[in-house]
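**Q** Sending over a structure as structure tokens; questions will come in a sec.
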Amino acid sequence: MTNSLPVFGVTGGIGSGKSTVCKVFEVLGARIYYADDRAKWLMENEATLINDIKRLFGDKVYLNGKLDRQYIAGKAFHDASVLQQLNEAVHPVVRKDVIRWVNENEDAALLLKEAALLFETGSYKELNKTILVHAPVELRIERVLNRDPHRSEQDIQAIIGKQMSEEEKLAMADFVITNDGSESVIKQVHEIFQNLVVAQ
């Protein structure tokens, strides 16, 4: 995938409000590739990737065709080399799937790829521009606690700790949508939508 493809990235830390922002973009006519959800689907439905994952983790990583995510997390997130191998298996398959999706959606006003770890994985380099959904950490934690009662504050802090700092993301993003209640998200999204549609 090259920068000539009209795909723009949407990212943000847990609880930043990426889903809300994407819904507004969709109302305006954008089509969204939800990379994290799609990667999960591909890990259970794409034969070559399934075989690669089994080679890495063994056959028992799949239970009745479903990926045992707790098992894989326990292995991958405590061993950087295993996590890297997993990413190296998944990334090319997702990349190929994005290209297929782009070709099927060429008639859209705007194409966006939504991913939590856009900067961390380096996949932002394959996109034209990036949009960061930004909110203070305290507010993000509060949102996730309200949304996911099964998570503790410590769980959320651990997830945030594994992600790139907000300062680094702000420095790398081409556009920033502030989602802390101080500005209208709809107005910000509309302005960026107009900017990107005109720029294509």
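The way I read the labels, and the way they are meant: chains A, B, ... in the order of the structure tokens, residue 1 as the first residue of every chain, and ligand 1 as the first ligand shown, with later ones counted on from there.
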Skipping near chain neighbours, those fewer than 6 positions away, what residues fall within 12 Å of Val94 of chain A using only C-alpha atoms, listed as a PyMOL selection string?

**A** chain A and resi 1+33-43+46+49+87-88+100-101+113+115+123

**Q** Ranking A:Thr48, A:Val21, A:Ala80, A:Leu111 by minimum distance to Lys187 of chain A and counting only C-alpha atoms, which one comes first?

**A**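 Nearest to Lys187 of chain A: A:Val21.
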
**Q** What separation in Å, quoted to one decimal, exists between atom CA of Phe77 of chain A and atom CA of Lys96 of chain A?

**A** 25.1 Å

**Q** Give me, as a PyMOL selection string, all polymer residues having an atom no more than 10 Å from Tyr71 of chain A, counting only C-alpha atoms and skipping those fewer than 3 positions away in the same chain.

**A** chain A and resi 57+60-62+67-68+74-76

**Q** Please provide as number ranges by chain all residues within 12 Å of Glu138 of chain A, with the sequence filter that same-chain residues fewer than 3 positions apart are discarded (counting only C-alpha atoms).

**A** A: 13-16, 134-135, 141-145, 153, 156-157, 160, 180

**Q** Would you mind telling me which residue in A:Glu126, A:Glu114, A:Ile50, A:Gln85 lies nearest to Arg31 of chain A when using only C-alpha atoms?

**A**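 Closest to Arg31 of chain A, using only C-alpha atoms: A:Glu114.
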
**Q** To test your reading of the structure, identify every residue in chain A that backbone DSSP assigns to strand (DSSP E or B), and report it as a PyMOL selection string.

**A** chain A and resi 7-11+30-34+62-63+66-67+110-114+130-134+175-178

**Q** Looking at only C-alpha atoms, which of A:Val93, A:Leu117, A:Leu83, A:Ile72 is the one that sits closest to Gly9 of chain A?

**A**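 Result for the nearest residue to Gly9 of chain A: A:Leu117.
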
**Q** Can you measure atom CA of Ser182 of chain A to atom CA of Ile131 of chain A for me? One decimal in Å is fine.

**A** 18.1 Å

**Q** Select from chain A everything DSSP, run on the backbone, classes as helix (DSSP H, G or I), then give the selection as a PyMOL selection string.

**A** chain A and resi 18-28+35-45+47-57+59-61+69-76+80-104+123-126+137-147+153-162+166-172+185-199

**Q** Check the smallest atom-to-atom distance from each of A:Gly58, A:Ile177, A:Glu120, A:Lys162 to His78 of chain A using only C-alpha atoms, then report the winner.

**A**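 Closest to His78 of chain A of all the choices is A:Lys162.
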
**Q** May I have the residues within 12 Å of Lys23 of chain A as a ChimeraX atom specification, using only C-alpha atoms and disregarding those fewer than 4 positions away in the same chain?

**A** /A:10,17-19,27-34,112,114,185-186,189-190

**Q** Can you spit out the residues from that selection as a CSV table (one decimal), in the first residue's frame, using N, CA and C atoms?

**A**
```
chain,number,residue,atom,x,y,z
A,10,VAL,N,-7.5,7.0,11.6
A,10,VAL,CA,-8.1,7.5,12.8
A,10,VAL,C,-7.6,6.7,14.0
A,17,GLY,N,-12.6,8.0,22.5
A,17,GLY,CA,-13.8,8.2,21.8
A,17,GLY,C,-13.7,8.0,20.3
A,18,LYS,N,-12.8,7.1,19.9
A,18,LYS,CA,-12.6,6.9,18.4
A,18,LYS,C,-13.9,6.4,17.8
A,19,SER,N,-14.7,5.5,18.4
A,19,SER,CA,-15.9,5.0,17.9
A,19,SER,C,-16.9,6.1,17.6
A,27,VAL,N,-21.7,9.2,9.1
A,27,VAL,CA,-22.9,10.0,8.8
A,27,VAL,C,-22.6,11.0,7.6
A,28,LEU,N,-21.4,11.5,7.6
A,28,LEU,CA,-21.0,12.5,6.6
A,28,LEU,C,-20.7,11.8,5.2
A,29,GLY,N,-20.6,10.5,5.2
A,29,GLY,CA,-20.4,9.8,3.9
A,29,GLY,C,-19.0,9.1,3.8
A,30,ALA,N,-18.3,9.1,4.9
A,30,ALA,CA,-17.0,8.3,4.9
A,30,ALA,C,-17.3,6.8,5.1
A,31,ARG,N,-16.4,6.0,4.7
A,31,ARG,CA,-16.4,4.6,5.0
A,31,ARG,C,-15.2,4.2,5.8
A,32,ILE,N,-15.5,3.4,6.8
A,32,ILE,CA,-14.4,3.1,7.8
A,32,ILE,C,-14.0,1.6,7.7
A,33,TYR,N,-12.7,1.4,7.7
A,33,TYR,CA,-12.1,0.1,7.9
A,33,TYR,C,-11.7,0.0,9.3
A,34,TYR,N,-12.4,-0.9,10.1
A,34,TYR,CA,-12.1,-1.0,11.5
A,34,TYR,C,-11.0,-2.1,11.7
A,112,LEU,N,-11.4,5.8,5.6
A,112,LEU,CA,-10.7,6.0,6.8
A,112,LEU,C,-10.3,4.6,7.4
A,114,GLU,N,-9.5,2.9,10.9
A,114,GLU,CA,-9.5,3.1,12.4
A,114,GLU,C,-8.7,2.0,13.0
A,185,VAL,N,-17.5,17.9,18.9
A,185,VAL,CA,-16.9,16.9,18.1
A,185,VAL,C,-17.4,16.9,16.7
A,186,ILE,N,-18.7,17.1,16.6
A,186,ILE,CA,-19.4,17.1,15.2
A,186,ILE,C,-18.8,18.2,14.4
A,189,VAL,N,-15.1,17.2,13.4
A,189,VAL,CA,-15.1,16.2,12.4
A,189,VAL,C,-15.6,16.7,11.0
A,190,HIS,N,-16.6,17.6,11.0
A,190,HIS,CA,-17.1,18.2,9.8
A,190,HIS,C,-16.0,19.0,9.1
```

**Q** Take atom CA of Ala199 of chain A and atom CA of Asp107 of chain A and report the distance between them in Å, one decimal.

**A**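 Pair atom CA of Ala199 of chain A / atom CA of Asp107 of chain A returns 15.9 Å.
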